[in-house]
$ cat coords_36.txt   # compact mmCIF, C-alpha atoms
# COMPACT_ATOMS: atom_id res chain seq x y z
CA MET A 1 209.56 -65.02 12.05
CA THR A 2 213.08 -63.64 11.91
CA ASP A 3 213.78 -61.31 14.76
CA LYS A 4 216.32 -59.27 12.87
CA ASP A 5 213.85 -58.44 10.11
CA PHE A 6 211.55 -56.72 12.56
CA GLY A 7 214.08 -55.43 15.02
CA ILE A 8 212.45 -57.47 17.78
CA ARG A 9 214.07 -56.91 21.18
CA GLU A 10 214.68 -59.60 23.76
CA GLY A 11 211.38 -60.26 25.52
CA GLU A 12 209.25 -59.26 22.56
CA VAL A 13 206.82 -61.76 21.03
CA ALA A 14 205.32 -61.75 17.54
CA VAL A 15 202.39 -63.73 16.15
CA GLU A 16 201.56 -64.79 12.63
CA LEU A 17 199.37 -62.22 10.91
CA PRO A 18 195.92 -63.25 9.64
CA ALA A 19 195.89 -64.59 6.07
CA HIS A 20 193.59 -61.83 4.87
CA ALA A 21 192.39 -58.39 5.88
CA ASP A 22 188.83 -57.64 6.96
CA ALA A 23 188.32 -54.01 5.95
CA SER A 24 190.08 -51.26 4.07
CA LEU A 25 191.08 -47.69 4.85
CA TYR A 26 191.39 -44.56 2.75
CA TYR A 27 194.07 -42.03 3.54
CA ILE A 28 192.08 -38.81 3.70
CA GLY A 29 194.94 -36.35 4.06
CA ARG A 30 198.45 -35.86 5.36
CA ILE A 31 199.94 -34.54 8.58
CA GLY A 32 202.73 -31.99 8.44
CA THR A 33 205.16 -31.88 11.39
CA PRO A 34 208.71 -30.63 12.01
CA TRP A 35 209.95 -34.22 12.53
CA THR A 36 211.46 -36.25 9.70
CA GLU A 37 213.14 -38.99 11.74
CA ARG A 38 211.57 -41.14 14.41
CA LYS A 39 214.26 -40.28 16.97
CA ASP A 40 213.27 -36.61 16.74
CA CYS A 41 209.56 -37.15 17.41
CA PRO A 42 208.30 -36.21 20.87
CA LYS A 43 207.35 -39.22 23.00
CA ASN A 44 203.80 -37.94 23.08
CA GLY A 45 201.86 -34.93 21.85
CA ARG A 46 202.08 -33.05 25.13
CA GLU A 47 205.88 -32.95 24.99
CA SER A 48 205.96 -30.37 22.22
CA ASP A 49 204.11 -27.16 21.49
CA ALA A 50 205.10 -27.24 17.81
CA VAL A 51 202.34 -26.13 15.47
CA CYS A 52 201.55 -28.95 13.05
CA THR A 53 199.29 -28.97 10.02
CA ILE A 54 196.62 -31.38 8.87
CA THR A 55 195.84 -31.16 5.17
CA VAL A 56 192.57 -32.82 4.24
CA ASP A 57 192.25 -34.08 0.66
CA PRO A 58 189.99 -31.86 -1.47
CA ARG A 59 187.61 -34.81 -1.93
CA TRP A 60 186.74 -34.69 1.77
CA ALA A 61 187.23 -30.98 2.52
CA ALA A 62 183.49 -30.19 2.69
CA GLY A 63 183.42 -32.43 5.78
CA LEU A 64 185.33 -29.73 7.67
CA LYS A 65 182.21 -27.56 7.98
CA ASP A 66 181.73 -26.59 11.68
CA VAL A 67 185.10 -28.05 12.70
CA ALA A 68 186.40 -24.56 13.45
CA SER A 69 183.93 -24.40 16.35
CA CYS A 70 185.75 -27.23 18.14
CA SER A 71 188.47 -26.34 20.62
CA HIS A 72 190.01 -29.82 20.47
CA LEU A 73 189.96 -32.66 17.98
CA ILE A 74 190.74 -36.35 18.02
CA VAL A 75 193.14 -37.18 15.20
CA LEU A 76 193.51 -40.75 13.95
CA TYR A 77 196.50 -41.47 11.75
CA TRP A 78 198.21 -44.48 10.25
CA MET A 79 201.65 -45.53 11.45
CA ASP A 80 202.59 -47.06 8.13
CA ARG A 81 206.11 -48.06 9.16
CA ALA A 82 205.18 -50.01 12.30
CA PRO A 83 205.24 -53.83 12.53
CA ARG A 84 201.77 -55.27 13.10
CA ASN A 85 202.65 -58.66 14.57
CA LEU A 86 203.91 -57.82 18.09
CA VAL A 87 201.78 -58.86 21.07
CA LEU A 88 204.43 -58.34 23.75
CA GLN A 89 206.83 -55.42 23.50
CA VAL A 90 209.72 -53.95 25.46
CA PRO A 91 209.58 -50.19 24.98
CA ALA A 92 213.11 -48.78 24.88
CA HIS A 93 212.40 -46.04 27.42
CA TYR A 94 210.96 -48.44 30.01
CA GLY A 95 212.84 -51.67 29.33
CA VAL A 96 210.01 -53.85 30.68
CA GLN A 97 207.83 -56.30 28.73
CA ARG A 98 204.24 -55.09 28.29
CA GLY A 99 201.22 -56.23 26.31
CA THR A 100 200.60 -54.32 23.09
CA PHE A 101 197.11 -53.25 24.23
CA ALA A 102 198.55 -51.74 27.41
CA LEU A 103 200.85 -49.53 25.31
CA ARG A 104 200.44 -46.61 22.92
CA SER A 105 203.28 -47.96 20.77
CA PRO A 106 202.72 -47.62 17.00
CA ALA A 107 203.38 -51.37 16.73
CA ARG A 108 199.93 -52.99 16.97
CA PRO A 109 197.68 -55.17 14.79
CA ASN A 110 196.05 -52.07 13.31
CA PRO A 111 198.61 -49.28 13.58
CA ILE A 112 196.11 -46.49 14.12
CA ALA A 113 197.51 -43.80 16.37
CA LEU A 114 195.34 -41.35 18.27
CA SER A 115 196.18 -37.87 19.48
CA VAL A 116 194.03 -35.25 21.12
CA VAL A 117 195.01 -31.88 19.64
CA LYS A 118 194.21 -28.26 20.30
CA LEU A 119 192.80 -26.63 17.17
CA LEU A 120 194.31 -23.24 16.39
CA ARG A 121 192.65 -22.48 13.05
CA VAL A 122 191.10 -23.83 9.89
CA GLU A 123 192.04 -22.26 6.57
CA GLY A 124 190.33 -23.96 3.64
CA ASN A 125 191.35 -27.61 3.84
CA ILE A 126 194.32 -27.00 6.17
CA LEU A 127 194.11 -27.18 9.97
CA SER A 128 196.76 -25.84 12.32
CA VAL A 129 196.97 -27.80 15.56
CA VAL A 130 199.15 -28.41 18.62
CA GLY A 131 199.58 -31.85 20.17
CA LEU A 132 200.90 -34.22 17.51
CA ASP A 133 203.98 -36.42 17.82
CA CYS A 134 204.27 -38.14 14.43
CA LEU A 135 206.58 -38.01 11.45
CA ASP A 136 206.07 -35.45 8.73
CA GLY A 137 203.89 -36.90 5.97
CA THR A 138 201.98 -39.35 8.18
CA PRO A 139 198.68 -40.43 6.56
CA LEU A 140 195.49 -39.10 8.15
CA VAL A 141 192.57 -41.49 8.64
CA ASP A 142 190.01 -39.54 10.67
CA LEU A 143 189.17 -36.33 12.51
CA LYS A 144 186.56 -36.21 15.27
CA PRO A 145 185.27 -33.50 17.59
CA TYR A 146 186.46 -33.99 21.18
CA PHE A 147 183.58 -33.94 23.64
CA ALA A 148 184.67 -33.38 27.22
CA SER A 149 181.42 -35.02 28.35
CA THR A 150 182.33 -38.42 26.90
CA ASP A 151 186.07 -38.25 26.16
CA SER A 152 187.58 -36.57 29.21
CA MET A 153 188.39 -38.87 32.15
CA PRO A 154 190.68 -36.89 34.45
CA GLU A 155 190.48 -39.66 37.07
CA ALA A 156 191.84 -42.36 34.72
CA ALA A 157 194.98 -44.16 35.82
CA VAL A 158 197.35 -46.59 34.13
CA GLY A 159 198.63 -48.79 36.93
CA TRP A 160 201.73 -50.19 35.25
CA HIS A 161 202.83 -46.67 34.43
CA GLY A 162 202.37 -45.34 37.92
CA ASN A 163 200.31 -42.66 36.19
CA LYS A 164 198.19 -40.95 38.78
CA PRO A 165 195.11 -38.98 37.82
CA GLY A 166 195.22 -35.20 37.56
CA MET B 167 174.75 -41.31 -6.42
CA THR B 168 171.15 -42.25 -5.73
CA ASP B 169 169.86 -40.81 -2.52
CA LYS B 170 167.48 -43.63 -1.86
CA ASP B 171 170.25 -46.24 -1.94
CA PHE B 172 172.05 -44.58 0.94
CA GLY B 173 169.13 -43.13 2.79
CA ILE B 174 170.53 -39.64 2.33
CA ARG B 175 168.45 -36.95 4.00
CA GLU B 176 167.73 -33.53 2.53
CA GLY B 177 170.81 -31.38 3.06
CA GLU B 178 173.21 -34.30 3.06
CA VAL B 179 176.03 -34.44 0.50
CA ALA B 180 177.97 -37.48 -0.69
CA VAL B 181 181.22 -37.65 -2.67
CA GLU B 182 182.60 -40.33 -4.95
CA LEU B 183 184.76 -42.77 -3.02
CA PRO B 184 188.42 -43.19 -4.02
CA ALA B 185 189.05 -45.85 -6.66
CA HIS B 186 191.23 -47.91 -4.34
CA ALA B 187 192.00 -48.31 -0.65
CA ASP B 188 195.32 -47.35 0.92
CA ALA B 189 195.64 -49.72 3.86
CA SER B 190 193.91 -52.72 5.38
CA LEU B 191 192.52 -53.58 8.79
CA TYR B 192 192.22 -56.80 10.73
CA TYR B 193 189.25 -57.37 12.99
CA ILE B 194 190.93 -58.39 16.24
CA GLY B 195 187.84 -59.33 18.22
CA ARG B 196 184.16 -58.66 18.74
CA ILE B 197 182.15 -56.42 21.01
CA GLY B 198 179.20 -57.85 22.90
CA THR B 199 176.40 -55.44 23.87
CA PRO B 200 172.71 -55.69 24.78
CA TRP B 201 171.73 -53.83 21.58
CA THR B 202 170.78 -55.69 18.40
CA GLU B 203 169.09 -52.85 16.52
CA ARG B 204 170.46 -49.40 15.87
CA LYS B 205 167.39 -47.68 17.32
CA ASP B 206 168.09 -49.32 20.69
CA CYS B 207 171.71 -48.17 20.95
CA PRO B 208 172.40 -45.33 23.37
CA LYS B 209 173.34 -42.06 21.63
CA ASN B 210 176.72 -42.23 23.30
CA GLY B 211 178.55 -44.43 25.77
CA ARG B 212 177.72 -42.26 28.77
CA GLU B 213 173.99 -42.74 28.29
CA SER B 214 174.05 -46.32 29.51
CA ASP B 215 175.69 -48.17 32.36
CA ALA B 216 175.20 -51.55 30.67
CA VAL B 217 178.15 -53.89 31.10
CA CYS B 218 179.49 -54.84 27.67
CA THR B 219 182.12 -57.39 26.73
CA ILE B 220 185.11 -57.19 24.44
CA THR B 221 186.35 -60.57 23.26
CA VAL B 222 189.85 -60.44 21.80
CA ASP B 223 190.75 -63.13 19.26
CA PRO B 224 193.07 -65.78 20.73
CA ARG B 225 195.74 -64.79 18.19
CA TRP B 226 196.11 -61.40 19.89
CA ALA B 227 195.21 -62.30 23.48
CA ALA B 228 198.79 -62.16 24.77
CA GLY B 229 198.66 -58.44 23.99
CA LEU B 230 196.28 -58.02 26.95
CA LYS B 231 199.13 -58.36 29.46
CA ASP B 232 199.04 -55.38 31.89
CA VAL B 233 195.71 -54.13 30.53
CA ALA B 234 194.02 -55.02 33.83
CA SER B 235 196.08 -52.26 35.46
CA CYS B 236 194.28 -49.62 33.38
CA SER B 237 191.18 -47.97 34.84
CA HIS B 238 189.98 -46.78 31.42
CA LEU B 239 190.61 -47.85 27.84
CA ILE B 240 190.15 -46.34 24.41
CA VAL B 241 188.22 -48.76 22.20
CA LEU B 242 188.32 -48.43 18.42
CA TYR B 243 185.73 -50.39 16.48
CA TRP B 244 184.50 -50.64 12.93
CA MET B 245 181.03 -49.41 11.99
CA ASP B 246 180.68 -51.86 9.15
CA ARG B 247 177.15 -50.82 8.19
CA ALA B 248 177.82 -47.09 7.82
CA PRO B 249 178.04 -45.30 4.45
CA ARG B 250 181.52 -43.88 3.83
CA ASN B 251 180.73 -41.20 1.26
CA LEU B 252 178.96 -38.49 3.27
CA VAL B 253 180.75 -35.16 3.81
CA LEU B 254 177.74 -33.19 5.00
CA GLN B 255 175.15 -34.83 7.23
CA VAL B 256 171.92 -33.92 8.97
CA PRO B 257 171.82 -35.91 12.21
CA ALA B 258 168.22 -36.88 12.98
CA HIS B 259 168.37 -35.68 16.58
CA TYR B 260 169.65 -32.21 15.64
CA GLY B 261 168.13 -31.64 12.18
CA VAL B 262 170.94 -29.27 11.12
CA GLN B 263 173.55 -29.82 8.40
CA ARG B 264 177.05 -30.41 9.81
CA GLY B 265 180.39 -31.47 8.39
CA THR B 266 181.27 -35.12 8.90
CA PHE B 267 184.47 -34.24 10.78
CA ALA B 268 182.50 -32.11 13.24
CA LEU B 269 180.32 -35.13 14.08
CA ARG B 270 180.80 -38.47 15.81
CA SER B 271 178.39 -40.11 13.36
CA PRO B 272 179.42 -43.60 12.22
CA ALA B 273 179.11 -42.35 8.61
CA ARG B 274 182.63 -41.15 7.71
CA PRO B 275 185.33 -42.04 5.14
CA ASN B 276 186.88 -44.52 7.57
CA PRO B 277 184.06 -45.65 9.86
CA ILE B 278 186.23 -46.11 12.94
CA ALA B 279 184.31 -45.31 16.11
CA LEU B 280 186.00 -44.43 19.37
CA SER B 281 184.71 -44.85 22.90
CA VAL B 282 186.40 -44.28 26.23
CA VAL B 283 185.33 -47.10 28.55
CA LYS B 284 185.73 -47.95 32.20
CA LEU B 285 187.39 -51.33 32.60
CA LEU B 286 185.71 -53.59 35.15
CA ARG B 287 187.73 -56.78 34.71
CA VAL B 288 189.79 -58.95 32.41
CA GLU B 289 189.16 -62.69 32.37
CA GLY B 290 191.38 -64.47 29.88
CA ASN B 291 190.65 -62.86 26.52
CA ILE B 292 187.38 -61.26 27.61
CA LEU B 293 187.09 -57.75 29.01
CA SER B 294 184.05 -56.39 30.83
CA VAL B 295 183.57 -52.66 30.33
CA VAL B 296 181.08 -49.83 30.72
CA GLY B 297 180.73 -47.03 28.18
CA LEU B 298 179.99 -48.56 24.79
CA ASP B 299 177.11 -47.63 22.51
CA CYS B 300 177.41 -49.99 19.55
CA LEU B 301 175.51 -52.96 18.15
CA ASP B 302 176.15 -56.44 19.44
CA GLY B 303 178.80 -58.15 17.32
CA THR B 304 180.61 -54.96 16.23
CA PRO B 305 184.16 -55.70 15.04
CA LEU B 306 186.99 -54.54 17.31
CA VAL B 307 190.02 -52.86 15.73
CA ASP B 308 192.12 -51.61 18.66
CA LEU B 309 192.42 -51.21 22.42
CA LYS B 310 194.62 -48.55 23.98
CA PRO B 311 195.35 -47.47 27.55
CA TYR B 312 193.75 -44.10 28.40
CA PHE B 313 196.27 -41.66 29.82
CA ALA B 314 194.67 -38.73 31.62
CA SER B 315 197.89 -36.75 31.02
CA THR B 316 197.45 -36.73 27.23
CA ASP B 317 193.85 -37.79 26.60
CA SER B 318 191.81 -35.86 29.15
CA MET B 319 190.82 -32.32 28.16
CA PRO B 320 188.09 -31.24 30.56
CA GLU B 321 188.18 -27.71 29.13
CA ALA B 322 187.37 -28.82 25.58
CA ALA B 323 184.28 -27.35 23.96
CA VAL B 324 182.36 -28.08 20.77
CA GLY B 325 180.92 -24.74 19.72
CA TRP B 326 178.21 -25.94 17.38
CA HIS B 327 176.93 -28.25 20.11
CA GLY B 328 176.83 -25.61 22.78
CA ASN B 329 178.84 -28.13 24.75
CA LYS B 330 180.43 -26.38 27.68
CA PRO B 331 183.41 -27.87 29.49
CA GLY B 332 182.96 -29.78 32.72
$ encode --input "coords_36.txt" --output "structure tokens"
Amino acid sequence: MTDKDFGIREGEVAVELPAHADASLYYIGRIGTPWTERKDCPKNGRESDAVCTITVDPRWAAGLKDVASCSHLIVLYWMDRAPRNLVLQVPAHYGVQRGTFALRSPARPNPIALSVVKLLRVEGNILSVVGLDCLDGTPLVDLKPYFASTDSMPEAAVGWHGNKPG
Amino acid sequence: MTDKDFGIREGEVAVELPAHADASLYYIGRIGTPWTERKDCPKNGRESDAVCTITVDPRWAAGLKDVASCSHLIVLYWMDRAPRNLVLQVPAHYGVQRGTFALRSPARPNPIALSVVKLLRVEGNILSVVGLDCLDGTPLVDLKPYFASTDSMPEAAVGWHGNKPG
């Protein structure tokens, strides 16, 4: 494991990846955003009100039936440039070592990112949404309806972050 | 596409799957639940207060640092028995045709399920949580901290479901 290859910072720890994969993913569309370099991306989806697009491949477009009736969606996308072998990371904007599963960093064993977005409209196979933070051209892996009854936890807190509910 | 092979109901529509996959997943652990048959699983994670376990493979266990400080987690898991080719589905408990992306059905191009769980405790590489709805032995693909600031949308509504906020 050569640190320089992966840009590992002091305090970061990588593991050897498994010899083989267990399952496979299809890219089902692409995300269009105003950001073409990682430094320009907002730190999270709430930091920008830019309207982004989600273009679903024609193969899957029939699956968008009834999606327009959802006010919010969960978007899963694939962070194809992220290293997958980090278990301890030192995020640049905090400077403290944290476990990968306590972070929303794109660097994780399966680099699936998740954003909750507000749906503005659906036109054919193209959705307009607010709340994404990723690079233009990011591969889409899933769209789900957001149910407040099961997905909204206003009281949730992340202790290390000092993130208070509400 | 033979309907009988996939148990397709009247009104359901399948597409041909892509010829090749675009990315690969590692199973990073296993989920332990009281449910060994699909008919016994709760319809969603809020329907049961059963304590479930998430066992993270030793390879990745160091990534759990700081997770104990999170009150809630997002759990991504792989519905390895679900068909991936359905774009229109007729859920048994509704009986109406809906688009796959307007449903939380396990049948989707990438059968990644998502549950928000309450974290009870972390003991070594084993987490105890409440809020899962899946079969015992389901493969784990990711754990993320739940941030109320970006993930909680109490006002969200799913029109087709008649699901009102709050």
$ calpha_fit_and_write --input "coords_36.txt" --fixed "chain A" --moving "chain B" --output "compact mmCIF listing (two decimals) with C-alpha atoms, in the frame of the given file"
# COMPACT_ATOMS: atom_id res chain seq x y z
CA MET B 167 209.59 -65.04 12.17
CA THR B 168 213.14 -63.72 12.07
CA ASP B 169 213.86 -61.30 14.84
CA LYS B 170 216.37 -59.33 12.87
CA ASP B 171 213.86 -58.55 10.11
CA PHE B 172 211.56 -56.79 12.54
CA GLY B 173 214.08 -55.47 14.98
CA ILE B 174 212.46 -57.46 17.77
CA ARG B 175 214.06 -56.89 21.16
CA GLU B 176 214.68 -59.58 23.75
CA GLY B 177 211.38 -60.26 25.51
CA GLU B 178 209.26 -59.25 22.54
CA VAL B 179 206.83 -61.75 21.01
CA ALA B 180 205.33 -61.73 17.52
CA VAL B 181 202.40 -63.73 16.14
CA GLU B 182 201.56 -64.79 12.61
CA LEU B 183 199.38 -62.21 10.89
CA PRO B 184 195.94 -63.26 9.63
CA ALA B 185 195.89 -64.59 6.07
CA HIS B 186 193.61 -61.82 4.85
CA ALA B 187 192.39 -58.38 5.88
CA ASP B 188 188.82 -57.64 6.94
CA ALA B 189 188.32 -54.02 5.94
CA SER B 190 190.08 -51.25 4.07
CA LEU B 191 191.08 -47.68 4.85
CA TYR B 192 191.39 -44.56 2.76
CA TYR B 193 194.07 -42.02 3.55
CA ILE B 194 192.07 -38.80 3.72
CA GLY B 195 194.94 -36.35 4.08
CA ARG B 196 198.45 -35.85 5.38
CA ILE B 197 199.94 -34.55 8.59
CA GLY B 198 202.73 -32.00 8.45
CA THR B 199 205.16 -31.88 11.39
CA PRO B 200 208.70 -30.64 12.02
CA TRP B 201 209.93 -34.23 12.54
CA THR B 202 211.45 -36.25 9.70
CA GLU B 203 213.13 -38.99 11.74
CA ARG B 204 211.57 -41.13 14.42
CA LYS B 205 214.26 -40.27 16.96
CA ASP B 206 213.26 -36.60 16.75
CA CYS B 207 209.56 -37.15 17.42
CA PRO B 208 208.31 -36.20 20.87
CA LYS B 209 207.34 -39.22 23.00
CA ASN B 210 203.79 -37.93 23.08
CA GLY B 211 201.84 -34.93 21.84
CA ARG B 212 202.08 -33.05 25.13
CA GLU B 213 205.87 -32.96 24.99
CA SER B 214 205.95 -30.37 22.24
CA ASP B 215 204.11 -27.16 21.50
CA ALA B 216 205.11 -27.25 17.82
CA VAL B 217 202.34 -26.13 15.49
CA CYS B 218 201.55 -28.96 13.06
CA THR B 219 199.30 -28.97 10.03
CA ILE B 220 196.63 -31.38 8.89
CA THR B 221 195.85 -31.15 5.19
CA VAL B 222 192.57 -32.82 4.25
CA ASP B 223 192.25 -34.08 0.67
CA PRO B 224 189.99 -31.84 -1.44
CA ARG B 225 187.61 -34.78 -1.92
CA TRP B 226 186.73 -34.69 1.78
CA ALA B 227 187.22 -30.99 2.54
CA ALA B 228 183.50 -30.18 2.71
CA GLY B 229 183.41 -32.43 5.78
CA LEU B 230 185.34 -29.72 7.67
CA LYS B 231 182.22 -27.55 8.00
CA ASP B 232 181.73 -26.58 11.69
CA VAL B 233 185.09 -28.05 12.72
CA ALA B 234 186.40 -24.55 13.47
CA SER B 235 183.92 -24.40 16.35
CA CYS B 236 185.74 -27.23 18.14
CA SER B 237 188.47 -26.33 20.63
CA HIS B 238 190.01 -29.82 20.49
CA LEU B 239 189.95 -32.66 17.99
CA ILE B 240 190.73 -36.36 18.03
CA VAL B 241 193.14 -37.19 15.20
CA LEU B 242 193.51 -40.75 13.96
CA TYR B 243 196.49 -41.47 11.75
CA TRP B 244 198.20 -44.48 10.25
CA MET B 245 201.64 -45.54 11.44
CA ASP B 246 202.57 -47.06 8.12
CA ARG B 247 206.10 -48.06 9.14
CA ALA B 248 205.17 -50.01 12.28
CA PRO B 249 205.24 -53.82 12.51
CA ARG B 250 201.77 -55.27 13.09
CA ASN B 251 202.66 -58.65 14.58
CA LEU B 252 203.91 -57.81 18.08
CA VAL B 253 201.79 -58.86 21.07
CA LEU B 254 204.44 -58.34 23.73
CA GLN B 255 206.84 -55.42 23.49
CA VAL B 256 209.72 -53.95 25.45
CA PRO B 257 209.56 -50.18 24.97
CA ALA B 258 213.10 -48.77 24.88
CA HIS B 259 212.37 -46.02 27.40
CA TYR B 260 210.93 -48.43 29.99
CA GLY B 261 212.84 -51.67 29.31
CA VAL B 262 210.01 -53.85 30.65
CA GLN B 263 207.84 -56.31 28.71
CA ARG B 264 204.24 -55.09 28.28
CA GLY B 265 201.22 -56.22 26.31
CA THR B 266 200.60 -54.31 23.10
CA PHE B 267 197.11 -53.25 24.23
CA ALA B 268 198.55 -51.74 27.41
CA LEU B 269 200.85 -49.54 25.30
CA ARG B 270 200.43 -46.62 22.92
CA SER B 271 203.28 -47.95 20.76
CA PRO B 272 202.71 -47.62 17.01
CA ALA B 273 203.39 -51.38 16.72
CA ARG B 274 199.93 -52.99 16.98
CA PRO B 275 197.68 -55.18 14.78
CA ASN B 276 196.04 -52.08 13.31
CA PRO B 277 198.61 -49.30 13.58
CA ILE B 278 196.10 -46.50 14.12
CA ALA B 279 197.51 -43.80 16.38
CA LEU B 280 195.33 -41.36 18.27
CA SER B 281 196.18 -37.88 19.49
CA VAL B 282 194.02 -35.25 21.13
CA VAL B 283 195.01 -31.88 19.65
CA LYS B 284 194.20 -28.26 20.30
CA LEU B 285 192.80 -26.63 17.19
CA LEU B 286 194.31 -23.24 16.39
CA ARG B 287 192.65 -22.48 13.06
CA VAL B 288 191.10 -23.84 9.89
CA GLU B 289 192.05 -22.26 6.58
CA GLY B 290 190.34 -23.96 3.67
CA ASN B 291 191.37 -27.61 3.86
CA ILE B 292 194.31 -27.01 6.18
CA LEU B 293 194.12 -27.18 9.96
CA SER B 294 196.76 -25.84 12.33
CA VAL B 295 196.98 -27.81 15.57
CA VAL B 296 199.15 -28.42 18.62
CA GLY B 297 199.59 -31.85 20.17
CA LEU B 298 200.90 -34.22 17.52
CA ASP B 299 203.97 -36.43 17.82
CA CYS B 300 204.27 -38.15 14.45
CA LEU B 301 206.58 -38.02 11.45
CA ASP B 302 206.08 -35.45 8.73
CA GLY B 303 203.89 -36.89 5.98
CA THR B 304 201.97 -39.36 8.19
CA PRO B 305 198.69 -40.43 6.57
CA LEU B 306 195.49 -39.10 8.16
CA VAL B 307 192.56 -41.49 8.64
CA ASP B 308 190.00 -39.54 10.68
CA LEU B 309 189.17 -36.33 12.52
CA LYS B 310 186.56 -36.21 15.26
CA PRO B 311 185.28 -33.49 17.59
CA TYR B 312 186.46 -33.99 21.19
CA PHE B 313 183.57 -33.93 23.64
CA ALA B 314 184.66 -33.39 27.23
CA SER B 315 181.40 -35.03 28.36
CA THR B 316 182.33 -38.43 26.90
CA ASP B 317 186.06 -38.25 26.16
CA SER B 318 187.57 -36.57 29.21
CA MET B 319 188.38 -38.86 32.15
CA PRO B 320 190.66 -36.90 34.45
CA GLU B 321 190.46 -39.68 37.06
CA ALA B 322 191.83 -42.36 34.73
CA ALA B 323 194.97 -44.17 35.81
CA VAL B 324 197.35 -46.59 34.12
CA GLY B 325 198.63 -48.81 36.91
CA TRP B 326 201.71 -50.20 35.24
CA HIS B 327 202.81 -46.65 34.42
CA GLY B 328 202.33 -45.33 37.90
CA ASN B 329 200.30 -42.67 36.15
CA LYS B 330 198.20 -40.88 38.70
CA PRO B 331 195.14 -38.88 37.69
CA GLY B 332 195.32 -35.12 37.33
$ closest_atom_pairs --input "coords_36.txt" --of "chain A" --to "chain B" --cutoff "6 Å" --atoms "only C-alpha atoms" --output "Markdown table"
| residue | atom | partner | partner_atom | distance |
| --- | --- | --- | --- | --- |
| A:Ala21 | CA | B:Tyr192 | CA | 5.1 |
| A:Asp22 | CA | B:Tyr192 | CA | 5.1 |
| A:Ala23 | CA | B:Leu191 | CA | 5.1 |
| A:Ser24 | CA | B:Ser190 | CA | 4.3 |
| A:Leu25 | CA | B:Ala189 | CA | 5.1 |
| A:Tyr26 | CA | B:Ala187 | CA | 5.1 |
| A:Ala62 | CA | B:Val253 | CA | 5.8 |
| A:Gly63 | CA | B:Gly265 | CA | 4.1 |
| A:Leu64 | CA | B:Gly265 | CA | 5.3 |
| A:Lys65 | CA | B:Gly265 | CA | 4.3 |
| A:Asp66 | CA | B:Ala268 | CA | 5.8 |
| A:Val67 | CA | B:Ala268 | CA | 4.9 |
| A:Ser69 | CA | B:Gly325 | CA | 4.5 |
| A:Cys70 | CA | B:Val324 | CA | 4.4 |
| A:Ser71 | CA | B:Ala323 | CA | 5.5 |
| A:His72 | CA | B:Ala322 | CA | 5.8 |
| A:Val87 | CA | B:Gly229 | CA | 4.3 |
| A:Leu88 | CA | B:Gly229 | CA | 5.8 |
| A:Gly99 | CA | B:Gly229 | CA | 4.1 |
| A:Thr100 | CA | B:Gly229 | CA | 4.6 |
| A:Phe101 | CA | B:Lys310 | CA | 5.3 |
| A:Ala102 | CA | B:Val233 | CA | 4.8 |
| A:Asn110 | CA | B:Leu191 | CA | 5.9 |
| A:Leu143 | CA | B:Phe267 | CA | 5.4 |
| A:Lys144 | CA | B:Phe267 | CA | 5.3 |
| A:Pro145 | CA | B:Ala268 | CA | 5.3 |
| A:Ala148 | CA | B:Pro320 | CA | 5.2 |
| A:Ser152 | CA | B:Ser318 | CA | 4.3 |
| A:Met153 | CA | B:Ser318 | CA | 5.5 |
| A:Pro154 | CA | B:Ala314 | CA | 5.2 |
| A:Ala156 | CA | B:Ala314 | CA | 5.5 |
| A:Ala157 | CA | B:Ser237 | CA | 5.5 |
| A:Val158 | CA | B:Cys236 | CA | 4.4 |
| A:Gly159 | CA | B:Ser235 | CA | 4.6 |
$ atom_distance --input "coords_36.txt" --atom1 "atom CA of Gly195 of chain B" --atom2 "atom CA of Leu135 of chain A"
29.2 Å
$ closest_residue --input "coords_36.txt" --among "B:Lys209, B:Arg196, B:Leu293, B:Val288" --to "Pro272 of chain B" --atoms "only C-alpha atoms"
B:Lys209
$ residues_around --input "coords_36.txt" --residues "Ser294 of chain B" --least-positions-apart "2" --cutoff "9 Å" --atoms "only C-alpha atoms" --output "MDAnalysis selection string"
chainID B and resid 217:221 284:289 292 296
$ atom_distance --input "coords_36.txt" --atom1 "atom CA of Glu12 of chain A" --atom2 "atom CA of Leu140 of chain A"
28.3 Å
$ atom_distance --input "coords_36.txt" --atom1 "atom CA of Tyr260 of chain B" --atom2 "atom CA of Asp57 of chain A"
27.2 Å
$ decode --input "coords_36.txt" --residues "segment 244-258 of chain B" --atoms "C-alpha atoms" --output "PDB file, in the first residue's frame"
ATOM      1  CA  TRP B 244     -28.266  -5.989  -0.790  1.00  0.00           C
ATOM      2  CA  MET B 245     -31.547  -7.718  -1.603  1.00  0.00           C
ATOM      3  CA  ASP B 246     -29.861 -10.641  -3.285  1.00  0.00           C
ATOM      4  CA  ARG B 247     -33.062 -12.551  -4.034  1.00  0.00           C
ATOM      5  CA  ALA B 248     -34.903  -9.732  -5.823  1.00  0.00           C
ATOM      6  CA  PRO B 249     -35.427  -9.609  -9.607  1.00  0.00           C
ATOM      7  CA  ARG B 250     -33.635  -6.645 -11.190  1.00  0.00           C
ATOM      8  CA  ASN B 251     -35.596  -6.281 -14.415  1.00  0.00           C
ATOM      9  CA  LEU B 252     -38.950  -4.843 -13.290  1.00  0.00           C
ATOM     10  CA  VAL B 253     -39.804  -1.253 -14.247  1.00  0.00           C
ATOM     11  CA  LEU B 254     -43.509  -1.412 -13.434  1.00  0.00           C
ATOM     12  CA  GLN B 255     -44.707  -3.363 -10.417  1.00  0.00           C
ATOM     13  CA  VAL B 256     -47.965  -4.184  -8.676  1.00  0.00           C
ATOM     14  CA  PRO B 257     -47.196  -4.414  -4.959  1.00  0.00           C
ATOM     15  CA  ALA B 258     -49.397  -7.090  -3.381  1.00  0.00           C
TER      16      ALA B 258
END
